[in-house]
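To start, the structure itself, in structure tokens.
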Amino acid sequence: MPAFDARDIRSLQDAFWDALAGPTLSTHRRALLSRLLSSPELNVIRAAWKAGGQGVGQDPTRSDEASGTDEGFVRVAYECLLGRPADEGGLHHYAAALAAGETRAGVLRSLALSDEFEQRARGVPQDTQLCELANPAKWDNEEWLAILRDLGLADDKLSMHRKPYEFTQLVYGCRRLGVLRDDASIVSVGAGHEMILYWLANHAGRVIATDMYEGAWQNLQGREGDPDVLARPWDYAPFPYRRERLTFMKMDGRRLAFRDRAFDIAYSLSSIEHFGGMSGAVATIREMARVLRPGGVLALATEYVLAGPPHEETFQPDEIAELIRQPGLELVEPVDESVYRRYSYAPIDLYRMPYQTPHVVVRFGDTVFTTVMLFLRRVQ
């Protein structure tokens with residue numbers, strides 16, 4: 001295959017990669033291309049092209065000063081968009097089209113709307129998804145990582161853990177959906193005294209933490225159900241917080257003692273699987289939906305089985321689908337359940353090695369599971 005003419009890519013692409021020159025160039029290049037292919041902006045542009053929209057991605061000029069040759073441009077376009085060298089048929093087709101007056105943006109549109117590009121984009125790790133299985137790609141998303149760091153949590157991939165993922169994804173999703181505001185009202189179900197409550201108190205108008213604060217969690221699992229938090233919540237605060245905006249209440253999530261339509265956000269992180277199987281989980285979700293205002297967001301993290309037999313504190317994929325089919329709620333987007341078809345994993349044995357990291361896929365015996373994060377809106 002002939003070498004690319006430097007002029008074909010020098011105007012922007014080469015200058016950009018030159019700036020990244022060094023031993024990690026190929027890693028950065030793959031990560032940035034992955035970000036482009038999975039970005040919501042690219043999806044918006046492709047949707048406009050599919051609808052026949054005008055003015056999106058059009059060439060500003062076809063002057064003789066355009067960088068490089070048409071053949072060189074086609075070769076670069078194939079490499080960038082399809083990830084492979086241009087085949088001779090495609091090369092001659094697009095070079096001839098350009099010679100006949102087609103714009104370079106038109107060639108890019110054709111390639112980006114092709115079935116081959118669609119298939120490739122589906123295989124790229126999605127780091128902007130809201131509804132998904134706990135996703136290692138999030139550790140490549142700078143917007144998401146900024147939230148993780150603001151929570152005071154480690155941001156390196158070697159220490160990936162489901163719980164920091166849940167905290168960060170909650171904030172990331174609620175911000176993207178426009179409901180996390182300084183005047184927002186939030187109720188947390190099965191809240192314990194997790195640090196995210198104190199962070200939310202510094203970023204929302206009112207946060208109410210509900211839990212039974214009894215049973216095994218009084219002494220186990222980091223004493224997450226310690227009833228002393230009801231009387232002295234500040235003793236559990238990991239940092240200064242706005243005390244007047246956070247209230248702890250002893251309450252059963254299946255029977256929330258709040259009026260209808262009282263909150264902007266209702267969330268529960270890895271708790272409803274302990275509420276009495278499917279019936280208890282469904283009752284809790286319906287209660288959370290009841291206390292949401294129309295347009296409010298229900299955010300839910302729970303245990304999703306990837307492989308192996310049922311376990312009483314996990315949910316199979318069909319059970320997750322049943323959980324979210326509740327009146328008055330709709331998913332904000334489809335659930336990305338293919339994360340671990342894109343990533344290999346070695347599940348952490350929660351009985352033998354509970355503190356091993358990365359701690360994203362885990363197992364009880366032969367039951368292998370991870371977190372699924374879901375965002376639903378109340379629509380009526």
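Quick note on naming: the chains in the structure tokens go A, B, ... in the order shown, residues restart at 1 in each chain, and ligands are numbered from 1 in order of appearance.
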### helix (DSSP H, G or I) call set, DSSP backbone run, region 95-129 of chain A, as a list in words
Ala95, Ala96, Ala97, Leu98, Ala99, Arg104, Ala105, Gly106, Val107, Leu108, Arg109, Ser110, Leu111, Ala112, Asp115, Glu116, Phe117, Glu118, Gln119, Arg120, Ala121 and Arg122 of chain A
Suppose we keep C-alpha atoms; can you now write the selection as a short mmCIF file (atom, residue, chain, number, x, y, z; two decimals), in the first residue's frame?
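Here's the written file part-v1.cif:
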data_model
loop_
_atom_site.label_atom_id
_atom_site.label_comp_id
_atom_site.auth_asym_id
_atom_site.auth_seq_id
_atom_site.Cartn_x
_atom_site.Cartn_y
_atom_site.Cartn_z
CA ALA A 95 -11.69 9.31 -5.26
CA ALA A 96 -13.80 9.42 -8.45
CA ALA A 97 -16.71 10.97 -6.54
CA LEU A 98 -14.43 13.68 -5.16
CA ALA A 99 -13.03 14.37 -8.62
CA ARG A 104 -14.96 15.50 1.58
CA ALA A 105 -17.64 15.92 4.24
CA GLY A 106 -19.95 13.98 1.93
CA VAL A 107 -17.47 11.10 1.85
CA LEU A 108 -17.24 11.15 5.64
CA ARG A 109 -21.03 11.08 5.89
CA SER A 110 -21.22 8.06 3.58
CA LEU A 111 -18.63 6.15 5.58
CA ALA A 112 -20.18 7.10 8.94
CA ASP A 115 -23.29 -0.71 8.04
CA GLU A 116 -19.59 -1.37 8.64
CA PHE A 117 -19.18 1.79 10.70
CA GLU A 118 -22.40 1.02 12.62
CA GLN A 119 -21.05 -2.42 13.51
CA ARG A 120 -17.70 -1.00 14.58
CA ALA A 121 -19.27 1.71 16.73
CA ARG A 122 -21.35 -0.91 18.56
#
#### Entry: Proximity to His92 (chain A) - best of A:Leu148, A:Val179, A:Val74, A:Ala51, only C-alpha atoms
A:Val74
### Task
Do a neighbour search on region 299-302 of chain A at 6 Å with only C-alpha atoms, toss out local chain neighbours closer than 5 positions, and write the hits as number ranges by chain.
A: 267-270, 371-375
I need the residues from that last selection saved to file as a PDB file, in the first residue's frame (with C-alpha atoms), if you can.
ATOM      1  CA  TYR A 267     -32.186   6.559  44.608  1.00  0.00           C
ATOM      2  CA  SER A 268     -31.028   3.285  46.094  1.00  0.00           C
ATOM      3  CA  LEU A 269     -27.550   1.819  45.728  1.00  0.00           C
ATOM      4  CA  SER A 270     -27.122  -1.939  46.145  1.00  0.00           C
ATOM      5  CA  THR A 371     -23.636  -3.843  39.453  1.00  0.00           C
ATOM      6  CA  VAL A 372     -26.298  -2.695  37.023  1.00  0.00           C
ATOM      7  CA  MET A 373     -27.034   1.041  37.131  1.00  0.00           C
ATOM      8  CA  LEU A 374     -30.463   2.204  35.979  1.00  0.00           C
ATOM      9  CA  PHE A 375     -32.012   5.647  35.536  1.00  0.00           C
TER      10      PHE A 375
END
### Message
Quick one: residues within 10 Å of Met288 (chain A), only C-alpha atoms, excluding same-chain residues fewer than 3 positions away - as a PyMOL selection string?
### Response
chain A and resi 187-189+253-256+258+260-261+263+265-268+282-285+291-292+297-299+378
### Task
Measuring atom to atom with only C-alpha atoms, identify which of A:Leu113, A:Ala257, A:Ala100, A:Cys174 is nearest to Leu42 (chain A).
A:Leu113
### Message
Report as number ranges by chain all protein, DNA and RNA residues lying within 9 Å of region 191-198 of chain A, evaluated on only C-alpha atoms, omitting residues in the same chain fewer than 4 positions from it.
### Response
A: 151, 167-168, 187, 202, 207-213, 217, 223-227, 229, 233, 236-243, 246, 248, 267-269, 271
Write out, as an mmCIF file, in the first residue's frame, the residues just selected, with N, CA and C atoms.
data_model
loop_
_atom_site.group_PDB
_atom_site.id
_atom_site.type_symbol
_atom_site.label_atom_id
_atom_site.label_comp_id
_atom_site.auth_asym_id
_atom_site.auth_seq_id
_atom_site.Cartn_x
_atom_site.Cartn_y
_atom_site.Cartn_z
ATOM 1 N N LEU A 151 -15.327 13.382 44.871
ATOM 2 C CA LEU A 151 -15.818 12.576 45.990
ATOM 3 C C LEU A 151 -14.692 12.131 46.915
ATOM 4 N N PHE A 167 -21.437 5.432 43.342
ATOM 5 C CA PHE A 167 -21.513 6.818 43.794
ATOM 6 C C PHE A 167 -21.332 7.787 42.624
ATOM 7 N N THR A 168 -20.277 7.533 41.850
ATOM 8 C CA THR A 168 -19.934 8.455 40.760
ATOM 9 C C THR A 168 -20.960 8.415 39.656
ATOM 10 N N VAL A 187 -34.359 11.694 48.097
ATOM 11 C CA VAL A 187 -34.549 10.665 49.108
ATOM 12 C C VAL A 187 -33.702 9.457 48.731
ATOM 13 N N ASN A 202 -24.076 18.854 50.231
ATOM 14 C CA ASN A 202 -23.350 20.057 49.807
ATOM 15 C C ASN A 202 -23.721 20.495 48.396
ATOM 16 N N VAL A 207 -31.709 16.463 51.488
ATOM 17 C CA VAL A 207 -31.394 15.045 51.325
ATOM 18 C C VAL A 207 -31.938 14.301 52.536
ATOM 19 N N ILE A 208 -32.782 13.291 52.288
ATOM 20 C CA ILE A 208 -33.310 12.471 53.369
ATOM 21 C C ILE A 208 -32.814 11.048 53.171
ATOM 22 N N ALA A 209 -32.095 10.542 54.162
ATOM 23 C CA ALA A 209 -31.560 9.179 54.134
ATOM 24 C C ALA A 209 -32.486 8.278 54.937
ATOM 25 N N THR A 210 -33.002 7.219 54.303
ATOM 26 C CA THR A 210 -33.887 6.284 54.995
ATOM 27 C C THR A 210 -33.268 4.893 55.034
ATOM 28 N N ASP A 211 -33.479 4.210 56.147
ATOM 29 C CA ASP A 211 -32.979 2.846 56.319
ATOM 30 C C ASP A 211 -33.640 2.305 57.577
ATOM 31 N N MET A 212 -33.588 0.992 57.757
ATOM 32 C CA MET A 212 -34.115 0.402 58.982
ATOM 33 C C MET A 212 -33.104 0.507 60.126
ATOM 34 N N TYR A 213 -31.828 0.688 59.796
ATOM 35 C CA TYR A 213 -30.781 0.828 60.801
ATOM 36 C C TYR A 213 -30.913 -0.241 61.892
ATOM 37 N N TRP A 217 -26.438 -5.314 59.608
ATOM 38 C CA TRP A 217 -25.629 -4.160 59.192
ATOM 39 C C TRP A 217 -25.273 -3.232 60.358
ATOM 40 N N ARG A 223 -20.444 -1.440 59.330
ATOM 41 C CA ARG A 223 -21.495 -0.897 60.204
ATOM 42 C C ARG A 223 -22.336 0.137 59.459
ATOM 43 N N GLU A 224 -22.695 -0.202 58.211
ATOM 44 C CA GLU A 224 -23.462 0.734 57.391
ATOM 45 C C GLU A 224 -24.848 1.007 57.957
ATOM 46 N N GLY A 225 -25.365 0.093 58.815
ATOM 47 C CA GLY A 225 -26.676 0.296 59.413
ATOM 48 C C GLY A 225 -26.609 0.712 60.865
ATOM 49 N N ASP A 226 -25.530 1.346 61.273
ATOM 50 C CA ASP A 226 -25.355 1.762 62.663
ATOM 51 C C ASP A 226 -26.450 2.753 63.054
ATOM 52 N N PRO A 227 -27.324 2.403 64.004
ATOM 53 C CA PRO A 227 -28.419 3.311 64.376
ATOM 54 C C PRO A 227 -27.960 4.594 65.044
ATOM 55 N N VAL A 229 -26.225 6.750 63.867
ATOM 56 C CA VAL A 229 -26.213 7.837 62.888
ATOM 57 C C VAL A 229 -27.502 8.654 62.950
ATOM 58 N N PRO A 233 -25.443 12.233 63.148
ATOM 59 C CA PRO A 233 -24.969 11.986 61.787
ATOM 60 C C PRO A 233 -23.617 12.612 61.492
ATOM 61 N N TYR A 236 -20.299 10.628 61.466
ATOM 62 C CA TYR A 236 -19.986 9.727 60.356
ATOM 63 C C TYR A 236 -19.600 10.486 59.086
ATOM 64 N N ALA A 237 -19.559 11.804 59.190
ATOM 65 C CA ALA A 237 -19.277 12.617 58.005
ATOM 66 C C ALA A 237 -17.802 12.530 57.642
ATOM 67 N N PRO A 238 -17.470 12.239 56.378
ATOM 68 C CA PRO A 238 -16.069 12.161 55.963
ATOM 69 C C PRO A 238 -15.450 13.526 55.686
ATOM 70 N N PHE A 239 -16.286 14.561 55.654
ATOM 71 C CA PHE A 239 -15.824 15.926 55.386
ATOM 72 C C PHE A 239 -16.921 16.879 55.862
ATOM 73 N N PRO A 240 -16.621 18.171 55.982
ATOM 74 C CA PRO A 240 -17.650 19.126 56.403
ATOM 75 C C PRO A 240 -18.831 19.127 55.436
ATOM 76 N N TYR A 241 -20.035 19.267 55.970
ATOM 77 C CA TYR A 241 -21.228 19.256 55.126
ATOM 78 C C TYR A 241 -22.272 20.205 55.707
ATOM 79 N N ARG A 242 -23.271 20.530 54.904
ATOM 80 C CA ARG A 242 -24.343 21.431 55.334
ATOM 81 C C ARG A 242 -25.347 20.617 56.167
ATOM 82 N N ARG A 243 -25.195 20.699 57.477
ATOM 83 C CA ARG A 243 -25.962 19.832 58.376
ATOM 84 C C ARG A 243 -27.469 20.008 58.213
ATOM 85 N N LEU A 246 -29.302 17.634 55.501
ATOM 86 C CA LEU A 246 -29.278 16.176 55.523
ATOM 87 C C LEU A 246 -29.977 15.668 56.768
ATOM 88 N N PHE A 248 -31.474 11.971 58.618
ATOM 89 C CA PHE A 248 -31.524 10.509 58.651
ATOM 90 C C PHE A 248 -32.820 10.085 59.336
ATOM 91 N N TYR A 267 -33.221 7.507 45.020
ATOM 92 C CA TYR A 267 -32.186 6.559 44.608
ATOM 93 C C TYR A 267 -31.958 5.495 45.665
ATOM 94 N N SER A 268 -31.426 4.373 45.212
ATOM 95 C CA SER A 268 -31.028 3.285 46.094
ATOM 96 C C SER A 268 -29.846 2.584 45.462
ATOM 97 N N LEU A 269 -28.784 2.409 46.233
ATOM 98 C CA LEU A 269 -27.550 1.819 45.728
ATOM 99 C C LEU A 269 -27.269 0.491 46.421
ATOM 100 N N SER A 271 -29.088 -1.983 47.546
ATOM 101 C CA SER A 271 -29.850 -2.253 48.764
ATOM 102 C C SER A 271 -31.104 -3.085 48.506
#
### Query
Could you name the residues that touch region 360-365 of chain A at 9 Å or less, counting only C-alpha atoms, but leaving out those on the same chain fewer than 6 positions away, as a PyMOL selection string?
chain A and resi 134-136+160-163+165+306+308+311+345-351+354+371
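The closest residue to Gly178 (chain A), picked from A:Arg259, A:Arg352, A:Asp264, A:Ala146 and counting only C-alpha atoms, is A:Asp264.
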